[in-house]
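Reviewing the structure listed below.
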Amino acid sequence: MLSRSSFTSLVVGVFAVYVAHTCWVMYGIVYTRPCPAAAAGAAGGCVWPYLARRPKLQLSVYTTTRSSIGAESNIDLVLNVEDFDIESKFERTVNVSVPKKTRNNGTLYAYIFLHHAGILPWHDGKQVHIVSPLTTYMVPKPEEINLLTGESATQQIEAEKQTNALDEPVSHWRSRLTLNVMVEDFVFDGSSLPADVHRYMKMVQLGKTVHYLPILFIDQLSNRVKDLMVINRSTTELPLTVSYDKISLGKLRFWIHMQDAVYSLQQFGFSEKDADEVKGIFVDTNLYFLALTFFVAAFHLLFDFLAFKNDISFWKKKRSMTGMSTKAVLWRCFSTVVIFLFLLDEQTSILVLIPAGIGALIELWKVKKALKMTIKWQGLRPNFQFGTYNDSEKQTEEYDAQAMKYLSYLLYPLCIGGAAYSLLNVKYKSWYSWLINSFVNGVYAFGFLFMLPQLFVNYKMKSVAHLPWKAFTYKAFNTFIDDIFAFIITMPTSHRLACFRDDVVFLVYLYQRWLYPVDKNRVNEYGECYEEKTKKKAHRE
């Protein structure tokens with residue numbers, strides 16, 4: 001069986017291989033090998049860019065309720081850019097007429113054509129086009145009300161909203177349409193065309209050479225949930241912001257892979273909101289910061305695993321609660337469960353939700369160990385039994401109870417006052433939402449105060465040897481990484497502030513570790529003494 005150190009080394013080695021492999025894959029995405037014959041001036045086997053001929057182009061955007069069109073009937077022209085310059089970015093807002101079919105939970109499509117100027121798209125043999133739905137289906141956010149007065153955020157509620165079930169998806173309007181054209185005069189090797197770009201390419205034979213027409217691309221990652229608008233039956237027009245910017249080949253290939261990844265997540269059951277959090281990581285940051293985010297996320301995953309592993313190993317071997325604050329363990333369990341329920345109620349990103357859920361399960365298991373609880377089943381009825389404490393554990397409990405006594409004078413009035421204030425002044429979806437928010441606000445605002453009992457126990461015993469320092473170290477690294485993620489991933493503001501609060505708590509623990517150096521005569525976290533182990537070993541010899 002592998003030792004703990006060799007297992008950790010194996011995990012770190014696998015992690016290093018994973019990072020190296022990912023870097024190699026990313027390099028293969030952003031770098032495309034050009035046609036070798038093009039450098040020698042030969043045309044055989046190469047696919048040349050049609051844009052190198054500098055044609056005069058026109059951009060046209062149409063809307064229709066049909067997913068495919070064959071002529072110009074039953075379509076509406078919403079934007080026409082006659083002198084279209086592929087090098088110049090622009091952004092224009094137009095009003096789009098919403099057909100009756102779309103208002104009745106139907107779909108409206110946008111057809112974007114890039115064609116020769118002065119020629120209608122369906123008469124141009126060298127036109128390129130792409131289709132994108134302007135509507136999507138999503139469950140509307142529940143309306144928040146004042147629980148005492150019953151007043152809503154909007155005084156007048158439309159009758160249609162009253163009839164809609166909160167769990168029934170309704171049609172939403174995508175108010176942004178982001179277009180890109182690949183502008184590089186890149187010569188592809190016809191025998192090894194990248195599969196990701198190939199599906200966006202349309203090729204024509206001009207003389208003896210093969211050319212690819214302009215590559216038109218719709219940036220679906222820019223379609224964010226915050227830009228969606230609910231479509232009502234009374235809506236006849238809606239705004240649409242059409243923006244254009246050029247794109248390089250490397251970024252185009254990267255963006256195609258990212259869009260495919262988001263689509264795969266949705267196929268696996270991710271909601272529109274969960275996918276939107278992933279989009280935000282790519283869209284709201286530049287590529288360099290995105291690369292940093294990848295490495296930060298990879299190290300966060302590694303430290304999460306090592307912290308969980310060492311924490312479970314520490315508590316699995318622990319036989320004595322000497323020096324450990326039982327109240328702090330109970331509070332940590334309660335706060336972790338409350339935070340998980342709060343994140344669930346706020347429909348937070350699954351990227352944040354899954355680690356919080358795993359952490360809550362581990363904290364529940366710790367409580368079972370701390371209370372020395374055993375569960376025996378008598379049929380279908382569980383019977384809970386609790387172990388007894390020795391003298392040193394009872395002394396620790398006295399210090400723990402003393403710290404909680406002083407702490408309760410400050411903590412309880414603050415939490416009750418905060419809950420009453422929010423009930424009077426803040427609107428919530430339900431009484432459950434108010435209860436969870438009140439608990440979690442107490443956890444976030446005053447939760448660090450519940451670390452004081454453990455600090456008080458450390459002070460009284462003049463020792464920190466009983467704490468799981470390996471797990472603490474990994475969690476500290478993750479705390480500083482969370483400070484970075486606090487600005488990248490969408491999360492409640494209170495949860496974001498709590499990341500910085502944890503930094504202060506860990507610094508206090510570090511100060512106590514420096515203040516109380518290791519004494520080899522003291523009992524360690526496993527109930528063992530280093531000096532006693534040495535004497536026993538000498539006796540055997």
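Naming works like this for the structure tokens: A, B, ... for the chains as they're shown, residue 1 at the start of each chain, ligands 1 onward in shown order.
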**Message:** Could you list, as a PyMOL selection string, every residue within 10 Å of Gly418 (chain A), counting only C-alpha atoms and ignoring same-chain residues fewer than 6 positions away?
**Reply:** chain A and resi 412+438-439+441-442+445
**Message:** Would you pick out the contacts of Val225 (chain A) at 8 Å or less, using only C-alpha atoms, so that residues sharing its chain but fewer than 3 positions from it are not included, and give the list as a PyMOL selection string?
**Reply:** chain A and resi 228+272-273+276
Selection from above, N, CA, C and O atoms, as a PDB file, in the first residue's frame, can you write it?
ATOM      1  N   LEU A 228     -30.731  39.312 -21.187  1.00  0.00           N
ATOM      2  CA  LEU A 228     -31.995  38.739 -21.640  1.00  0.00           C
ATOM      3  C   LEU A 228     -33.170  39.586 -21.168  1.00  0.00           C
ATOM      4  O   LEU A 228     -33.151  40.172 -20.083  1.00  0.00           O
ATOM      5  N   GLU A 272     -29.098  27.361 -18.090  1.00  0.00           N
ATOM      6  CA  GLU A 272     -28.631  28.558 -18.804  1.00  0.00           C
ATOM      7  C   GLU A 272     -27.808  29.443 -17.873  1.00  0.00           C
ATOM      8  O   GLU A 272     -26.798  30.023 -18.287  1.00  0.00           O
ATOM      9  N   LYS A 273     -28.188  29.506 -16.601  1.00  0.00           N
ATOM     10  CA  LYS A 273     -27.461  30.344 -15.645  1.00  0.00           C
ATOM     11  C   LYS A 273     -26.090  29.759 -15.335  1.00  0.00           C
ATOM     12  O   LYS A 273     -25.096  30.489 -15.244  1.00  0.00           O
ATOM     13  N   ASP A 276     -23.899  30.376 -18.130  1.00  0.00           N
ATOM     14  CA  ASP A 276     -23.580  31.800 -18.186  1.00  0.00           C
ATOM     15  C   ASP A 276     -22.384  32.132 -17.299  1.00  0.00           C
ATOM     16  O   ASP A 276     -21.580  33.013 -17.635  1.00  0.00           O
TER      17      ASP A 276
END
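The shortest atom-to-atom distance to Ile29 (chain A), with only C-alpha atoms taken into account, belongs to A:Pro194 out of A:Gly13, A:Gly280, A:Pro49, A:Pro194.
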Do you know which residues are at most 9 Å from Leu57 (chain A) counting only C-alpha atoms, after dropping those on the same chain fewer than 3 positions away, and could you put them as a PDB file with N, CA, C and O atoms, in the first residue's frame?
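The file below, around.pdb, is the result:
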ATOM      1  N   ARG A  54      -9.419  41.691 -51.732  1.00  0.00           N
ATOM      2  CA  ARG A  54     -10.018  42.946 -51.263  1.00  0.00           C
ATOM      3  C   ARG A  54     -11.336  43.264 -51.984  1.00  0.00           C
ATOM      4  O   ARG A  54     -11.490  44.320 -52.600  1.00  0.00           O
ATOM      5  N   VAL A  81     -25.381  47.309 -43.831  1.00  0.00           N
ATOM      6  CA  VAL A  81     -24.134  48.081 -43.847  1.00  0.00           C
ATOM      7  C   VAL A  81     -23.553  47.945 -45.249  1.00  0.00           C
ATOM      8  O   VAL A  81     -22.953  46.918 -45.595  1.00  0.00           O
ATOM      9  N   GLU A  82     -23.719  48.987 -46.087  1.00  0.00           N
ATOM     10  CA  GLU A  82     -23.333  48.893 -47.499  1.00  0.00           C
ATOM     11  C   GLU A  82     -21.824  48.911 -47.692  1.00  0.00           C
ATOM     12  O   GLU A  82     -21.272  48.058 -48.380  1.00  0.00           O
ATOM     13  N   ASP A  83     -21.134  49.869 -47.110  1.00  0.00           N
ATOM     14  CA  ASP A  83     -19.673  49.924 -47.229  1.00  0.00           C
ATOM     15  C   ASP A  83     -19.049  49.269 -46.007  1.00  0.00           C
ATOM     16  O   ASP A  83     -18.553  49.941 -45.095  1.00  0.00           O
ATOM     17  N   PHE A  84     -19.095  47.959 -45.992  1.00  0.00           N
ATOM     18  CA  PHE A  84     -18.649  47.215 -44.821  1.00  0.00           C
ATOM     19  C   PHE A  84     -17.132  47.060 -44.838  1.00  0.00           C
ATOM     20  O   PHE A  84     -16.562  46.491 -45.775  1.00  0.00           O
ATOM     21  N   ASP A  85     -16.479  47.583 -43.809  1.00  0.00           N
ATOM     22  CA  ASP A  85     -15.028  47.489 -43.672  1.00  0.00           C
ATOM     23  C   ASP A  85     -14.723  46.436 -42.609  1.00  0.00           C
ATOM     24  O   ASP A  85     -15.053  46.611 -41.437  1.00  0.00           O
ATOM     25  N   ILE A  86     -14.085  45.352 -43.032  1.00  0.00           N
ATOM     26  CA  ILE A  86     -13.842  44.247 -42.105  1.00  0.00           C
ATOM     27  C   ILE A  86     -12.830  44.610 -41.023  1.00  0.00           C
ATOM     28  O   ILE A  86     -12.747  43.928 -39.989  1.00  0.00           O
ATOM     29  N   LEU A 114     -22.987  38.060 -45.474  1.00  0.00           N
ATOM     30  CA  LEU A 114     -21.842  38.856 -45.925  1.00  0.00           C
ATOM     31  C   LEU A 114     -21.699  38.583 -47.424  1.00  0.00           C
ATOM     32  O   LEU A 114     -21.360  37.473 -47.823  1.00  0.00           O
ATOM     33  N   HIS A 115     -21.984  39.605 -48.232  1.00  0.00           N
ATOM     34  CA  HIS A 115     -22.059  39.395 -49.678  1.00  0.00           C
ATOM     35  C   HIS A 115     -21.462  40.598 -50.406  1.00  0.00           C
ATOM     36  O   HIS A 115     -21.109  41.614 -49.787  1.00  0.00           O
ATOM     37  N   HIS A 116     -21.362  40.480 -51.730  1.00  0.00           N
ATOM     38  CA  HIS A 116     -20.813  41.567 -52.528  1.00  0.00           C
ATOM     39  C   HIS A 116     -21.769  42.765 -52.507  1.00  0.00           C
ATOM     40  O   HIS A 116     -22.997  42.594 -52.543  1.00  0.00           O
ATOM     41  N   ALA A 117     -21.215  43.953 -52.457  1.00  0.00           N
ATOM     42  CA  ALA A 117     -22.018  45.174 -52.378  1.00  0.00           C
ATOM     43  C   ALA A 117     -22.838  45.346 -53.653  1.00  0.00           C
ATOM     44  O   ALA A 117     -22.356  45.095 -54.769  1.00  0.00           O
ATOM     45  N   GLY A 118     -24.095  45.751 -53.464  1.00  0.00           N
ATOM     46  CA  GLY A 118     -24.979  46.001 -54.593  1.00  0.00           C
ATOM     47  C   GLY A 118     -25.688  44.785 -55.121  1.00  0.00           C
ATOM     48  O   GLY A 118     -26.457  44.889 -56.088  1.00  0.00           O
TER      49      GLY A 118
END
**Request:** Identify all residues of region 202-379 of chain A in strand (DSSP E or B) (DSSP on the backbone) and supply them as a PyMOL selection string.
**Result:** chain A and resi 203-206+209-212+216-218+228-230+237-247+373-378
Write the selection just made, keeping N, CA, C and O atoms, as a CSV table (one decimal), in the first residue's frame?
chain,number,residue,atom,x,y,z
A,203,MET,N,-15.8,27.1,-49.7
A,203,MET,CA,-14.7,27.2,-50.6
A,203,MET,C,-15.2,27.3,-52.1
A,203,MET,O,-16.3,26.7,-52.4
A,204,VAL,N,-14.5,28.0,-52.9
A,204,VAL,CA,-14.9,28.2,-54.3
A,204,VAL,C,-13.6,28.0,-55.1
A,204,VAL,O,-12.5,28.2,-54.7
A,205,GLN,N,-13.8,27.5,-56.4
A,205,GLN,CA,-12.7,27.3,-57.3
A,205,GLN,C,-12.6,28.5,-58.2
A,205,GLN,O,-13.5,28.9,-58.9
A,206,LEU,N,-11.5,29.2,-58.1
A,206,LEU,CA,-11.2,30.4,-59.0
A,206,LEU,C,-10.0,30.1,-59.8
A,206,LEU,O,-8.8,30.2,-59.4
A,209,THR,N,-6.8,27.7,-58.6
A,209,THR,CA,-6.6,27.7,-57.1
A,209,THR,C,-8.0,27.7,-56.4
A,209,THR,O,-9.0,28.1,-56.9
A,210,VAL,N,-7.9,27.1,-55.2
A,210,VAL,CA,-9.1,27.0,-54.3
A,210,VAL,C,-9.0,28.2,-53.3
A,210,VAL,O,-8.0,28.3,-52.7
A,211,HIS,N,-10.1,28.9,-53.2
A,211,HIS,CA,-10.2,30.0,-52.2
A,211,HIS,C,-11.3,29.7,-51.2
A,211,HIS,O,-12.3,29.1,-51.5
A,212,TYR,N,-11.0,30.2,-49.9
A,212,TYR,CA,-12.1,30.1,-48.9
A,212,TYR,C,-12.7,31.5,-48.8
A,212,TYR,O,-12.0,32.5,-48.7
A,216,LEU,N,-17.3,33.9,-41.4
A,216,LEU,CA,-18.2,34.7,-40.6
A,216,LEU,C,-18.6,33.9,-39.3
A,216,LEU,O,-18.9,32.7,-39.4
A,217,PHE,N,-18.5,34.6,-38.2
A,217,PHE,CA,-18.7,33.9,-36.9
A,217,PHE,C,-19.5,34.7,-35.9
A,217,PHE,O,-19.4,35.9,-35.9
A,218,ILE,N,-20.4,34.0,-35.2
A,218,ILE,CA,-21.2,34.6,-34.2
A,218,ILE,C,-20.7,34.3,-32.8
A,218,ILE,O,-20.6,33.1,-32.5
A,228,LEU,N,-30.7,39.3,-21.2
A,228,LEU,CA,-32.0,38.7,-21.6
A,228,LEU,C,-33.2,39.6,-21.2
A,228,LEU,O,-33.2,40.2,-20.1
A,229,MET,N,-34.2,39.6,-22.0
A,229,MET,CA,-35.4,40.4,-21.7
A,229,MET,C,-36.6,39.5,-21.9
A,229,MET,O,-36.7,38.8,-22.9
A,230,VAL,N,-37.6,39.5,-21.0
A,230,VAL,CA,-38.8,38.6,-21.1
A,230,VAL,C,-39.6,39.2,-22.2
A,230,VAL,O,-39.9,40.4,-22.3
A,237,GLU,N,-42.1,45.6,-30.4
A,237,GLU,CA,-40.7,45.9,-30.8
A,237,GLU,C,-39.8,45.7,-29.6
A,237,GLU,O,-40.1,46.0,-28.5
A,238,LEU,N,-38.6,45.2,-30.0
A,238,LEU,CA,-37.5,45.0,-29.0
A,238,LEU,C,-36.2,45.5,-29.5
A,238,LEU,O,-35.9,45.4,-30.7
A,239,PRO,N,-35.3,46.1,-28.7
A,239,PRO,CA,-34.0,46.6,-29.2
A,239,PRO,C,-33.0,45.4,-29.4
A,239,PRO,O,-33.0,44.4,-28.6
A,240,LEU,N,-32.2,45.6,-30.4
A,240,LEU,CA,-31.1,44.6,-30.7
A,240,LEU,C,-29.9,45.4,-31.0
A,240,LEU,O,-29.8,46.2,-31.9
A,241,THR,N,-28.8,45.1,-30.2
A,241,THR,CA,-27.5,45.7,-30.3
A,241,THR,C,-26.6,44.8,-31.1
A,241,THR,O,-26.3,43.7,-30.7
A,242,VAL,N,-26.3,45.2,-32.4
A,242,VAL,CA,-25.4,44.5,-33.3
A,242,VAL,C,-24.0,45.1,-33.2
A,242,VAL,O,-23.8,46.2,-33.5
A,243,SER,N,-23.1,44.3,-32.8
A,243,SER,CA,-21.7,44.7,-32.7
A,243,SER,C,-20.8,43.9,-33.5
A,243,SER,O,-21.1,42.6,-33.7
A,244,TYR,N,-19.8,44.5,-34.1
A,244,TYR,CA,-18.8,43.7,-35.0
A,244,TYR,C,-17.4,44.1,-34.6
A,244,TYR,O,-17.1,45.2,-34.2
A,245,ASP,N,-16.5,43.1,-34.7
A,245,ASP,CA,-15.1,43.3,-34.5
A,245,ASP,C,-14.4,42.2,-35.2
A,245,ASP,O,-14.9,41.0,-35.4
A,246,LYS,N,-13.2,42.5,-35.7
A,246,LYS,CA,-12.4,41.5,-36.4
A,246,LYS,C,-11.8,40.5,-35.4
A,246,LYS,O,-11.8,40.8,-34.2
A,247,ILE,N,-11.4,39.3,-35.9
A,247,ILE,CA,-10.9,38.3,-35.0
A,247,ILE,C,-9.7,37.6,-35.7
A,247,ILE,O,-9.7,37.4,-36.9
A,373,MET,N,-19.9,10.3,18.6
A,373,MET,CA,-21.2,9.8,18.4
A,373,MET,C,-21.2,8.5,17.6
A,373,MET,O,-20.5,8.4,16.6
A,374,THR,N,-22.0,7.6,18.1
A,374,THR,CA,-22.2,6.3,17.3
A,374,THR,C,-23.7,6.1,17.1
A,374,THR,O,-24.5,6.5,17.9
A,375,ILE,N,-24.0,5.6,15.9
A,375,ILE,CA,-25.4,5.4,15.6
A,375,ILE,C,-25.7,3.9,15.4
A,375,ILE,O,-25.0,3.2,14.6
A,376,LYS,N,-26.6,3.5,16.2
A,376,LYS,CA,-27.1,2.1,16.1
A,376,LYS,C,-28.5,2.0,15.7
A,376,LYS,O,-29.3,2.7,16.3
A,377,TRP,N,-28.8,1.2,14.7
A,377,TRP,CA,-30.2,1.2,14.2
A,377,TRP,C,-31.0,0.0,14.9
A,377,TRP,O,-30.5,-1.1,15.0
A,378,GLN,N,-32.1,0.4,15.4
A,378,GLN,CA,-33.1,-0.5,16.0
A,378,GLN,C,-34.3,-0.6,15.0
A,378,GLN,O,-35.2,0.2,15.2
